[in-house]
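The next block holds one structure in the form of structure tokens; read it before the comments.
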Amino acid sequence: MHEMSIALSIIEAVEEKAREEGAGKISGVDLVIGKISGIEPESLKFCFSAAAKGTLAEDAVLMVEEPEGTGECGDCGMRFPVTFYYAECPGCRSLRVKIVSGEEFLIQSITIEE
Amino acid sequence: MCDTCGCSSDGGAVLRKPGESDYHVHVSEGAHGHAHTHSHSGEELHAEDHHHEGHHDHGDGSHHHEGAVRKIVLEQDVLQKNNLLAERNRGYFEAKNIFVLNFLSSPGSGKTSLLEKIIPLMQQRFPVAVIEGDQQTTNDADRIHALGVEVIQINTGSGCHLDALMVNRAVRELDLQDNSLLCIENVGNLVCPALFDLGEALKVVIISVTEGDDKPLKYPTIFHEADICILNKIDLLPYVEFDVAKCRENAMRVNHHLEWFEVSVKSGEGLAVWLEWLEKRLVRH
Ligand SMILES: Nc1nc2c(ncn2[C@@H]2O[C@H](COP(=O)(O)OP(=O)(O)OP(=O)(O)O)[C@@H](O)[C@H]2O)c(=O)[nH]1
Ligand SMILES: [Mg+2]
Ligand SMILES: [Zn+2]
Ligand SMILES: [Zn+2]
Ligand SMILES: [Zn+2]
Ligand SMILES: [Zn+2]
């Protein structure tokens, strides 16, 4: 269900921007949803098409880029792929791992028609 | 349509107060200022307005580029609006020196029971107020109201989490004192309340021993976002298969900054330790 409220807030944000730019229609929305952001892209897409009915984004194609998770060890500095927060440094076994990518949740760009 | 007032407001959160059956405020975007018994945003009107903007005029009236396609870069956080509003809440809380805790858990882990237990103790030192979040009913707010503290219920309807706007509206309806403690009980759900900053100082996640010691691995986001984890219902440990050390280790794997407490709200075990910690934070705050 939170995907629905998120879809609505995306539509609100892109409509606001499109109107600012004097667009008549939004034909594409590009999102960045990191693999470990806690957002499920498939259910978001589903909610997006429902939420977009009757808005400038009604026919918009939703594209999602999903960056992989990357962790950085706070002890030895090593960088390595992570699939979730419970990462352990493969170099030194430290649990002091900072997530440096994969948590993104952005509206990257929109494509508009005037 | 809203069942209570018959207005056109569809879905969306509603504020209620225990013992005031005609008090009823819709939380919505445009509801400015203080609500009377109920206020409305005129969301529908708003939406219609937007549709008129399909065609625009360049002012100079010179050209009309039909079908010109452009790409516009936003690079904007999807939750930006919530985050900005949460920061506004946070600024308000800081200015009034109100210490705010956001309690998160699955349904039934003991959030309300914990509040019922600690509030009478905290109240001797600081004024306390509570915001209760549930999809329906004022049951939890009624339980808190019985303690004689300021409380408001947010009913989220179909919504599964509180957001910064709901808290912003609820706060206006409360008489919050300076140098006080505000406890926000989020909707029972281990998933999305993690994503929505409310402006709190700390997030407190509660799990109980009947839920399985792998909870932190199954719902890592919420444990990752939390500042404090309270393991509740330890009085039941003899009857369930639950490895406390393992659970703690799992939680620490997800978030190595997590402060960990073990309590039984029922027997009172462990509560003194967590209260002492909390009081220290409140004084330092
Ligand atoms: N045995 C035992 N039961 C507890 C303890 N704490 C709470 N309970 C019981 O757990 C049940 C749920 O407690 P609540 O405090 O209503 O839980 P909650 O997290 O507020 O639930 P929701 O608001 O519905 O999400 C009640 O029956 C409580 O009596 C405890 O420490 N030990
Ligand atoms: Mg409760
Ligand atoms: Zn939600
Ligand atoms: Zn390392
Ligand atoms: Zn109503
Ligand atoms: Zn109404």
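Residue numbering restarts at 1 in every chain; chains get A, B, ... in the order shown in the structure tokens, and ligands count up from 1 in that same order.
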
Protein and nucleic acid residues within 6 Å of ligand 2 (only C-alpha atoms and all ligand atoms) as a ChimeraX atom specification: /B:111-112,140

Pick out each residue of stretch 152-223 of chain B that DSSP on the backbone tags as strand (DSSP E or B); I need them as a PDB file with N, CA and C atoms, in the first residue's frame.
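Everything below was put into selection.pdb:
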ATOM      1  N   ILE B 152      -4.005  12.511  20.716  1.00  0.00           N
ATOM      2  CA  ILE B 152      -4.863  12.603  19.531  1.00  0.00           C
ATOM      3  C   ILE B 152      -4.677  11.335  18.711  1.00  0.00           C
ATOM      4  N   GLN B 153      -5.753  10.907  18.092  1.00  0.00           N
ATOM      5  CA  GLN B 153      -5.714   9.703  17.256  1.00  0.00           C
ATOM      6  C   GLN B 153      -5.674  10.110  15.788  1.00  0.00           C
ATOM      7  N   ILE B 154      -4.759   9.521  15.031  1.00  0.00           N
ATOM      8  CA  ILE B 154      -4.799   9.663  13.576  1.00  0.00           C
ATOM      9  C   ILE B 154      -5.305   8.344  13.014  1.00  0.00           C
ATOM     10  N   ASN B 155      -6.430   8.375  12.332  1.00  0.00           N
ATOM     11  CA  ASN B 155      -6.901   7.175  11.632  1.00  0.00           C
ATOM     12  C   ASN B 155      -6.507   7.308  10.176  1.00  0.00           C
ATOM     13  N   LEU B 181       7.861  15.680  26.335  1.00  0.00           N
ATOM     14  CA  LEU B 181       8.101  14.444  25.579  1.00  0.00           C
ATOM     15  C   LEU B 181       6.872  14.164  24.733  1.00  0.00           C
ATOM     16  N   LEU B 182       7.079  13.907  23.434  1.00  0.00           N
ATOM     17  CA  LEU B 182       5.964  13.527  22.559  1.00  0.00           C
ATOM     18  C   LEU B 182       6.234  12.122  22.023  1.00  0.00           C
ATOM     19  N   CYS B 183       5.305  11.203  22.299  1.00  0.00           N
ATOM     20  CA  CYS B 183       5.439   9.835  21.790  1.00  0.00           C
ATOM     21  C   CYS B 183       4.477   9.649  20.627  1.00  0.00           C
ATOM     22  N   ILE B 184       5.000   9.189  19.499  1.00  0.00           N
ATOM     23  CA  ILE B 184       4.153   8.918  18.342  1.00  0.00           C
ATOM     24  C   ILE B 184       4.099   7.416  18.135  1.00  0.00           C
ATOM     25  N   GLU B 185       2.915   6.824  18.259  1.00  0.00           N
ATOM     26  CA  GLU B 185       2.785   5.391  17.974  1.00  0.00           C
ATOM     27  C   GLU B 185       2.367   5.240  16.525  1.00  0.00           C
ATOM     28  N   LEU B 202      14.153  10.296  17.634  1.00  0.00           N
ATOM     29  CA  LEU B 202      14.594   8.906  17.576  1.00  0.00           C
ATOM     30  C   LEU B 202      13.471   7.990  17.109  1.00  0.00           C
ATOM     31  N   LYS B 203      13.856   6.967  16.365  1.00  0.00           N
ATOM     32  CA  LYS B 203      12.923   5.909  16.003  1.00  0.00           C
ATOM     33  C   LYS B 203      13.160   4.724  16.939  1.00  0.00           C
ATOM     34  N   VAL B 204      12.091   4.216  17.517  1.00  0.00           N
ATOM     35  CA  VAL B 204      12.171   3.084  18.435  1.00  0.00           C
ATOM     36  C   VAL B 204      11.426   1.910  17.804  1.00  0.00           C
ATOM     37  N   VAL B 205      12.138   0.840  17.474  1.00  0.00           N
ATOM     38  CA  VAL B 205      11.437  -0.321  16.924  1.00  0.00           C
ATOM     39  C   VAL B 205      11.255  -1.348  18.044  1.00  0.00           C
ATOM     40  N   ILE B 206      10.046  -1.891  18.128  1.00  0.00           N
ATOM     41  CA  ILE B 206       9.749  -2.893  19.164  1.00  0.00           C
ATOM     42  C   ILE B 206       9.464  -4.223  18.476  1.00  0.00           C
ATOM     43  N   ILE B 207      10.098  -5.276  18.969  1.00  0.00           N
ATOM     44  CA  ILE B 207       9.694  -6.614  18.522  1.00  0.00           C
ATOM     45  C   ILE B 207       9.412  -7.437  19.764  1.00  0.00           C
ATOM     46  N   SER B 208       8.594  -8.457  19.626  1.00  0.00           N
ATOM     47  CA  SER B 208       8.302  -9.283  20.782  1.00  0.00           C
ATOM     48  C   SER B 208       8.767 -10.705  20.509  1.00  0.00           C
TER      49      SER B 208
END

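For ligand 3, the set of protein, DNA and RNA residues within 7 Å, based on only C-alpha atoms and all ligand atoms, reads Met1 and His2 of chain A; Gly159, Cys160, His161, Cys192 and Pro193 of chain B.
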
Neighbourhood of ligand 1 at 6 Å, counting only C-alpha atoms and all ligand atoms, reported as a VMD selection string: chain B and resid 106 to 113 188 232 to 233 235 to 236 264 to 266

How close does each residue of chain B get to chain A, giving the shortest atom pair and distance in Å to one decimal for every residue with an atom at most 6 Å away, counting only C-alpha atoms, sorted by chain and residue number, as CSV?
residue,atom,partner,partner_atom,distance
B:Gly54,CA,A:Gly24,CA,4.5
B:Gly67,CA,A:Glu113,CA,5.4
B:Ala68,CA,A:Glu113,CA,5.4
B:Val69,CA,A:Glu113,CA,4.5
B:Arg70,CA,A:Ile112,CA,5.3
B:Lys71,CA,A:Thr111,CA,4.3
B:Ile72,CA,A:Ile110,CA,5.3
B:Val73,CA,A:Ser109,CA,4.1
B:Leu74,CA,A:Ser109,CA,5.0
B:Glu75,CA,A:Gln108,CA,4.3
B:Gln76,CA,A:Ile107,CA,5.2
B:Asp77,CA,A:Leu106,CA,4.4
B:Val78,CA,A:Leu106,CA,5.2
B:Arg253,CA,A:Tyr86,CA,4.6
B:Val254,CA,A:Tyr86,CA,4.2

Include C-alpha atoms and write out the residues we just selected as a short mmCIF file (atom, residue, chain, number, x, y, z; two decimals), in the first residue's frame.
data_model
loop_
_atom_site.label_atom_id
_atom_site.label_comp_id
_atom_site.auth_asym_id
_atom_site.auth_seq_id
_atom_site.Cartn_x
_atom_site.Cartn_y
_atom_site.Cartn_z
CA GLY B 54 -2.97 21.65 -20.48
CA GLY B 67 4.36 18.15 -29.99
CA ALA B 68 7.82 19.42 -29.08
CA VAL B 69 9.41 16.81 -26.86
CA ARG B 70 11.86 17.73 -24.13
CA LYS B 71 13.62 15.89 -21.38
CA ILE B 72 13.89 17.64 -18.04
CA VAL B 73 16.29 16.52 -15.33
CA LEU B 74 14.89 16.63 -11.79
CA GLU B 75 17.18 14.43 -9.68
CA GLN B 76 14.67 14.90 -6.90
CA ASP B 77 14.20 12.59 -3.94
CA VAL B 78 10.81 10.93 -4.29
CA ARG B 253 24.16 -6.85 11.57
CA VAL B 254 21.54 -4.65 10.00
#

At most 7 Å from ligand 4 (only C-alpha atoms and all ligand atoms): residue list as a ChimeraX atom specification: /A:73-78,89-94

Those of chain A in DSSP helix (DSSP H, G or I), formatted as number ranges by chain: A: 2-20, 41-51

Generate a file of the selected residues that holds N, CA and C atoms, formatted as an mmCIF file, in the first residue's frame.
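Saved file result32.cif follows:
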data_model
loop_
_atom_site.group_PDB
_atom_site.id
_atom_site.type_symbol
_atom_site.label_atom_id
_atom_site.label_comp_id
_atom_site.auth_asym_id
_atom_site.auth_seq_id
_atom_site.Cartn_x
_atom_site.Cartn_y
_atom_site.Cartn_z
ATOM 1 N N HIS A 2 2.038 1.204 0.606
ATOM 2 C CA HIS A 2 2.803 2.466 0.604
ATOM 3 C C HIS A 2 3.271 2.803 -0.793
ATOM 4 N N GLU A 3 3.338 1.790 -1.674
ATOM 5 C CA GLU A 3 3.694 2.089 -3.056
ATOM 6 C C GLU A 3 2.652 3.020 -3.691
ATOM 7 N N MET A 4 1.384 2.874 -3.259
ATOM 8 C CA MET A 4 0.343 3.743 -3.802
ATOM 9 C C MET A 4 0.569 5.194 -3.360
ATOM 10 N N SER A 5 0.835 5.403 -2.092
ATOM 11 C CA SER A 5 1.012 6.796 -1.672
ATOM 12 C C SER A 5 2.291 7.363 -2.294
ATOM 13 N N ILE A 6 3.269 6.503 -2.510
ATOM 14 C CA ILE A 6 4.492 6.960 -3.159
ATOM 15 C C ILE A 6 4.227 7.303 -4.626
ATOM 16 N N ALA A 7 3.429 6.449 -5.287
ATOM 17 C CA ALA A 7 3.080 6.725 -6.686
ATOM 18 C C ALA A 7 2.370 8.072 -6.794
ATOM 19 N N LEU A 8 1.467 8.339 -5.867
ATOM 20 C CA LEU A 8 0.745 9.611 -5.885
ATOM 21 C C LEU A 8 1.704 10.783 -5.679
ATOM 22 N N SER A 9 2.692 10.610 -4.816
ATOM 23 C CA SER A 9 3.598 11.737 -4.595
ATOM 24 C C SER A 9 4.521 11.937 -5.797
ATOM 25 N N ILE A 10 4.835 10.857 -6.499
ATOM 26 C CA ILE A 10 5.643 11.006 -7.717
ATOM 27 C C ILE A 10 4.845 11.787 -8.761
ATOM 28 N N ILE A 11 3.573 11.406 -8.905
ATOM 29 C CA ILE A 11 2.753 12.082 -9.902
ATOM 30 C C ILE A 11 2.588 13.561 -9.569
ATOM 31 N N GLU A 12 2.397 13.830 -8.306
ATOM 32 C CA GLU A 12 2.271 15.218 -7.887
ATOM 33 C C GLU A 12 3.535 16.010 -8.246
ATOM 34 N N ALA A 13 4.698 15.406 -7.959
ATOM 35 C CA ALA A 13 5.960 16.100 -8.226
ATOM 36 C C ALA A 13 6.189 16.300 -9.722
ATOM 37 N N VAL A 14 5.905 15.272 -10.534
ATOM 38 C CA VAL A 14 6.175 15.421 -11.973
ATOM 39 C C VAL A 14 5.157 16.343 -12.636
ATOM 40 N N GLU A 15 3.922 16.331 -12.142
ATOM 41 C CA GLU A 15 2.925 17.254 -12.704
ATOM 42 C C GLU A 15 3.320 18.697 -12.404
ATOM 43 N N GLU A 16 3.774 18.917 -11.191
ATOM 44 C CA GLU A 16 4.167 20.265 -10.803
ATOM 45 C C GLU A 16 5.286 20.774 -11.720
ATOM 46 N N LYS A 17 6.275 19.907 -11.934
ATOM 47 C CA LYS A 17 7.403 20.281 -12.789
ATOM 48 C C LYS A 17 6.937 20.503 -14.237
ATOM 49 N N ALA A 18 6.093 19.590 -14.706
ATOM 50 C CA ALA A 18 5.636 19.685 -16.101
ATOM 51 C C ALA A 18 4.846 20.973 -16.328
ATOM 52 N N ARG A 19 4.028 21.327 -15.358
ATOM 53 C CA ARG A 19 3.235 22.549 -15.475
ATOM 54 C C ARG A 19 4.137 23.780 -15.490
ATOM 55 N N GLU A 20 5.139 23.736 -14.619
ATOM 56 C CA GLU A 20 6.128 24.809 -14.570
ATOM 57 C C GLU A 20 6.764 25.022 -15.941
ATOM 58 N N PRO A 41 9.977 -2.098 -7.227
ATOM 59 C CA PRO A 41 9.669 -1.409 -8.489
ATOM 60 C C PRO A 41 8.411 -1.946 -9.182
ATOM 61 N N GLU A 42 8.207 -3.265 -9.132
ATOM 62 C CA GLU A 42 7.052 -3.816 -9.840
ATOM 63 C C GLU A 42 5.736 -3.311 -9.264
ATOM 64 N N SER A 43 5.632 -3.317 -7.931
ATOM 65 C CA SER A 43 4.358 -2.864 -7.374
ATOM 66 C C SER A 43 4.217 -1.351 -7.515
ATOM 67 N N LEU A 44 5.351 -0.661 -7.548
ATOM 68 C CA LEU A 44 5.274 0.785 -7.779
ATOM 69 C C LEU A 44 4.758 1.077 -9.196
ATOM 70 N N LYS A 45 5.241 0.306 -10.177
ATOM 71 C CA LYS A 45 4.777 0.501 -11.563
ATOM 72 C C LYS A 45 3.279 0.276 -11.665
ATOM 73 N N PHE A 46 2.840 -0.766 -10.974
ATOM 74 C CA PHE A 46 1.415 -1.092 -10.985
ATOM 75 C C PHE A 46 0.598 0.067 -10.408
ATOM 76 N N CYS A 47 1.034 0.554 -9.267
ATOM 77 C CA CYS A 47 0.319 1.663 -8.623
ATOM 78 C C CYS A 47 0.403 2.935 -9.456
ATOM 79 N N PHE A 48 1.551 3.128 -10.106
ATOM 80 C CA PHE A 48 1.743 4.346 -10.887
ATOM 81 C C PHE A 48 0.698 4.460 -11.990
ATOM 82 N N SER A 49 0.483 3.348 -12.707
ATOM 83 C CA SER A 49 -0.474 3.450 -13.817
ATOM 84 C C SER A 49 -1.886 3.715 -13.305
ATOM 85 N N ALA A 50 -2.211 3.163 -12.146
ATOM 86 C CA ALA A 50 -3.531 3.438 -11.565
ATOM 87 C C ALA A 50 -3.623 4.892 -11.107
ATOM 88 N N ALA A 51 -2.560 5.355 -10.466
ATOM 89 C CA ALA A 51 -2.586 6.706 -9.890
ATOM 90 C C ALA A 51 -2.500 7.789 -10.966
#

Residue neighbourhood stretch 211-222 of chain B, 6 Å, only C-alpha atoms, exclusion window fewer than 2 positions, as a PyMOL selection string: chain B and resi 194+208-209+224-225+242+247+250-251

Residues near B:Asn189, cut-off 6 Å, only C-alpha atoms, skip fewer than 2 positions along chain, as an MDAnalysis selection string: chainID B and resid 105:106 187 191

Between atom CA of B:Val263 and atom CA of B:Ile230, distance in Å (one decimal):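 About the pair atom CA of B:Val263 and atom CA of B:Ile230: they are 7.0 Å apart.
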